[in-house]
Amino acid sequence: MEGMKELIKEGVIKGVGLSEASATTIRKAHAAQPITAVQIEYSLWSRDVEKDIIPTCRELGIGIVAYSPLGRGFLAGNFKKRDDLQEGDWRLDNPRFSPDAIEQNAKLVEKIEELAARKGDGCTASKLALAWVLTQGDDIVPIPGTSKLENLEKNMESLKCELSQDEIKELGDVIPPESVVGNRYEDGHHTYDKN
């Protein structure tokens, strides 16, 4: 961080961000050089960061960049079974897409789809999932990944999806964090230290 501080002084960079950092690491880094943003996975099915990381960022005034707000496409209802994934898709190695996990997790997505159908007006599971992340705070910016313009345009429509406080709560309750089957990554993949 001291090296990054020097780069800021020299005008080479404007700010410093961290990715997948624990609350402890964020505090240590921020003490050496104020952190601009922390990138974390955050969605209806990845909410473990609500306990320590998001509160730490808010306490320190650090912005949050939420990657995979659509749960790697799963919350959009794109994958109901493993056969929906093409050979070579990296998700085939992801624990949340294992045969047992995908079957159980698909039931959670069905609940989001039911809420979207009830809301009507062209609402979809993906719009609801993104809209939910957008309601979690002005300091959170979701970055749904897409390689298709059509999907980008659909993602932008989530900005028009207004949620009431009751709907926000219901969406959060539909997928309790403990109900998601499978880890975010396979064993051995580096993620933030939860300590």
# chains A, B, ... in the order shown; residues from 1 in each chain; ligands from 1

$ residues_around --residues "region 126-133 of chain A" --least-positions-apart "5" --cutoff "7 Å" --atoms "only C-alpha atoms" --output "PyMOL selection string"
chain A and resi 43-44+69-70+75-76+116+142+155+157-159+161+168

$ select_by_dssp --residues "region 118-175 of chain A" --states "alpha helix (DSSP H)" --output "JSON, numbers by chain"
{"A": [118, 119, 125, 126, 127, 128, 129, 130, 131, 132, 133, 134, 149, 150, 151, 152, 153, 154, 155, 156, 165, 166, 167, 168, 169, 170, 171, 172, 173, 174]}

$ residues_around --residues "Ile112 (chain A)" --least-positions-apart "3" --cutoff "6 Å" --atoms "only C-alpha atoms" --output "PyMOL selection string"
chain A and resi 109+115+125

$ write_last_selection --atoms "N, CA and C atoms" --output "PDB file, in the first residue's frame"
ATOM      1  N   VAL A 109     -34.556 -20.034  -7.562  1.00  0.00           N
ATOM      2  CA  VAL A 109     -34.766 -19.126  -8.688  1.00  0.00           C
ATOM      3  C   VAL A 109     -36.226 -19.141  -9.115  1.00  0.00           C
ATOM      4  N   LEU A 115     -42.155 -14.212  -8.186  1.00  0.00           N
ATOM      5  CA  LEU A 115     -42.293 -12.812  -7.770  1.00  0.00           C
ATOM      6  C   LEU A 115     -42.287 -11.879  -8.977  1.00  0.00           C
ATOM      7  N   ALA A 125     -36.817 -12.377 -13.650  1.00  0.00           N
ATOM      8  CA  ALA A 125     -35.978 -12.736 -12.502  1.00  0.00           C
ATOM      9  C   ALA A 125     -34.694 -11.922 -12.493  1.00  0.00           C
TER      10      ALA A 125
END

$ closest_atom_pairs --of "region 62-121 of chain A" --to "region 144-150 of chain A" --cutoff "10 Å" --atoms "only C-alpha atoms" --output "JSON lines"
{"residue": "A:Ala66", "atom": "CA", "partner": "A:Pro144", "partner_atom": "CA", "distance": 8.2}
{"residue": "A:Tyr67", "atom": "CA", "partner": "A:Pro144", "partner_atom": "CA", "distance": 6.2}
{"residue": "A:Ser68", "atom": "CA", "partner": "A:Pro144", "partner_atom": "CA", "distance": 5.6}
{"residue": "A:Pro69", "atom": "CA", "partner": "A:Pro144", "partner_atom": "CA", "distance": 5.8}
{"residue": "A:Leu70", "atom": "CA", "partner": "A:Pro144", "partner_atom": "CA", "distance": 6.6}
{"residue": "A:Gly71", "atom": "CA", "partner": "A:Pro144", "partner_atom": "CA", "distance": 9.0}
{"residue": "A:Arg72", "atom": "CA", "partner": "A:Gly145", "partner_atom": "CA", "distance": 8.2}
{"residue": "A:Gly73", "atom": "CA", "partner": "A:Gly145", "partner_atom": "CA", "distance": 8.8}

$ write_last_selection --atoms "N, CA, C and O atoms" --output "PDB file, in the first residue's frame"
ATOM      1  N   ALA A  66     -20.104  -4.564  -6.760  1.00  0.00           N
ATOM      2  CA  ALA A  66     -20.677  -5.904  -6.617  1.00  0.00           C
ATOM      3  C   ALA A  66     -20.594  -6.671  -7.930  1.00  0.00           C
ATOM      4  O   ALA A  66     -21.316  -6.379  -8.879  1.00  0.00           O
ATOM      5  N   TYR A  67     -19.675  -7.638  -7.974  1.00  0.00           N
ATOM      6  CA  TYR A  67     -19.607  -8.457  -9.191  1.00  0.00           C
ATOM      7  C   TYR A  67     -20.502  -9.682  -9.039  1.00  0.00           C
ATOM      8  O   TYR A  67     -20.892 -10.058  -7.949  1.00  0.00           O
ATOM      9  N   SER A  68     -20.862 -10.256 -10.159  1.00  0.00           N
ATOM     10  CA  SER A  68     -21.784 -11.406 -10.226  1.00  0.00           C
ATOM     11  C   SER A  68     -23.111 -11.134  -9.521  1.00  0.00           C
ATOM     12  O   SER A  68     -23.608 -11.969  -8.775  1.00  0.00           O
ATOM     13  N   PRO A  69     -23.725  -9.966  -9.767  1.00  0.00           N
ATOM     14  CA  PRO A  69     -24.999  -9.690  -9.110  1.00  0.00           C
ATOM     15  C   PRO A  69     -26.132 -10.585  -9.607  1.00  0.00           C
ATOM     16  O   PRO A  69     -27.193 -10.639  -8.990  1.00  0.00           O
ATOM     17  N   LEU A  70     -25.877 -11.302 -10.700  1.00  0.00           N
ATOM     18  CA  LEU A  70     -26.868 -12.257 -11.216  1.00  0.00           C
ATOM     19  C   LEU A  70     -26.428 -13.697 -10.949  1.00  0.00           C
ATOM     20  O   LEU A  70     -26.920 -14.627 -11.577  1.00  0.00           O
ATOM     21  N   GLY A  71     -25.516 -13.864 -10.007  1.00  0.00           N
ATOM     22  CA  GLY A  71     -25.097 -15.211  -9.627  1.00  0.00           C
ATOM     23  C   GLY A  71     -24.595 -16.036 -10.787  1.00  0.00           C
ATOM     24  O   GLY A  71     -25.011 -17.168 -10.982  1.00  0.00           O
ATOM     25  N   ARG A  72     -23.704 -15.445 -11.594  1.00  0.00           N
ATOM     26  CA  ARG A  72     -23.106 -16.105 -12.751  1.00  0.00           C
ATOM     27  C   ARG A  72     -24.168 -16.517 -13.775  1.00  0.00           C
ATOM     28  O   ARG A  72     -24.069 -17.531 -14.440  1.00  0.00           O
ATOM     29  N   GLY A  73     -25.233 -15.701 -13.843  1.00  0.00           N
ATOM     30  CA  GLY A  73     -26.318 -15.949 -14.789  1.00  0.00           C
ATOM     31  C   GLY A  73     -27.428 -16.820 -14.235  1.00  0.00           C
ATOM     32  O   GLY A  73     -28.508 -16.902 -14.797  1.00  0.00           O
TER      33      GLY A  73
END

$ residues_around --residues "Glu6 (chain A)" --least-positions-apart "5" --cutoff "12 Å" --atoms "only C-alpha atoms" --output "list of chain:residue names"
A:Met1, A:Gly11, A:Val12, A:Ile13, A:Lys14, A:Gly15, A:Val16, A:Ala32, A:Gln33

$ write_last_selection --atoms "N, CA, C and O atoms" --output "compact mmCIF listing (two decimals), in the first residue's frame"
# COMPACT_ATOMS: atom_id res chain seq x y z
N MET A 1 0.82 -1.19 0.00
CA MET A 1 0.00 0.00 0.00
C MET A 1 0.86 1.26 0.00
O MET A 1 0.46 2.27 -0.56
N GLY A 11 0.77 10.98 -9.31
CA GLY A 11 -0.29 11.19 -10.31
C GLY A 11 -0.44 10.06 -11.30
O GLY A 11 -1.13 10.19 -12.30
N VAL A 12 0.23 8.95 -11.03
CA VAL A 12 0.16 7.80 -11.93
C VAL A 12 -1.22 7.13 -11.83
O VAL A 12 -1.79 6.70 -12.84
N ILE A 13 -1.75 7.05 -10.63
CA ILE A 13 -3.09 6.49 -10.41
C ILE A 13 -3.88 7.47 -9.54
O ILE A 13 -3.31 8.30 -8.86
N LYS A 14 -5.20 7.33 -9.59
CA LYS A 14 -6.05 8.25 -8.81
C LYS A 14 -6.56 7.62 -7.53
O LYS A 14 -6.94 8.33 -6.61
N GLY A 15 -6.62 6.32 -7.48
CA GLY A 15 -7.14 5.66 -6.30
C GLY A 15 -6.74 4.21 -6.27
O GLY A 15 -6.19 3.67 -7.23
N VAL A 16 -7.06 3.56 -5.15
CA VAL A 16 -6.70 2.16 -4.95
C VAL A 16 -7.97 1.38 -4.62
O VAL A 16 -8.80 1.82 -3.83
N ALA A 32 -3.09 2.50 5.72
CA ALA A 32 -1.88 2.91 5.01
C ALA A 32 -2.19 3.89 3.88
O ALA A 32 -1.43 4.83 3.64
N GLN A 33 -3.31 3.65 3.18
CA GLN A 33 -3.72 4.50 2.05
C GLN A 33 -5.22 4.35 1.89
O GLN A 33 -5.71 3.24 1.73

$ select_by_dssp --residues "chain A" --states "strand (DSSP E or B)" --output "PyMOL selection string"
chain A and resi 17-19+37-41+43+46+63-67+140-143

$ residues_around --residues "region 135-140 of chain A" --least-positions-apart "3" --cutoff "6 Å" --atoms "only C-alpha atoms" --output "PyMOL selection string"
chain A and resi 63-65+132

$ write_last_selection --atoms "N, CA, C and O atoms" --output "mmCIF file, in the first residue's frame"
data_model
loop_
_atom_site.group_PDB
_atom_site.id
_atom_site.type_symbol
_atom_site.label_atom_id
_atom_site.label_comp_id
_atom_site.auth_asym_id
_atom_site.auth_seq_id
_atom_site.Cartn_x
_atom_site.Cartn_y
_atom_site.Cartn_z
ATOM 1 N N GLY A 63 -16.409 2.712 -1.411
ATOM 2 C CA GLY A 63 -17.422 2.243 -2.349
ATOM 3 C C GLY A 63 -17.339 0.733 -2.543
ATOM 4 O O GLY A 63 -16.282 0.120 -2.349
ATOM 5 N N ILE A 64 -18.460 0.142 -2.937
ATOM 6 C CA ILE A 64 -18.539 -1.310 -3.114
ATOM 7 C C ILE A 64 -18.923 -1.608 -4.557
ATOM 8 O O ILE A 64 -19.930 -1.107 -5.058
ATOM 9 N N VAL A 65 -18.121 -2.422 -5.213
ATOM 10 C CA VAL A 65 -18.393 -2.862 -6.578
ATOM 11 C C VAL A 65 -18.829 -4.326 -6.489
ATOM 12 O O VAL A 65 -18.029 -5.194 -6.130
ATOM 13 N N TRP A 132 -32.752 -5.634 -6.760
ATOM 14 C CA TRP A 132 -32.521 -5.872 -5.334
ATOM 15 C C TRP A 132 -31.133 -5.369 -4.926
ATOM 16 O O TRP A 132 -30.984 -4.682 -3.917
#
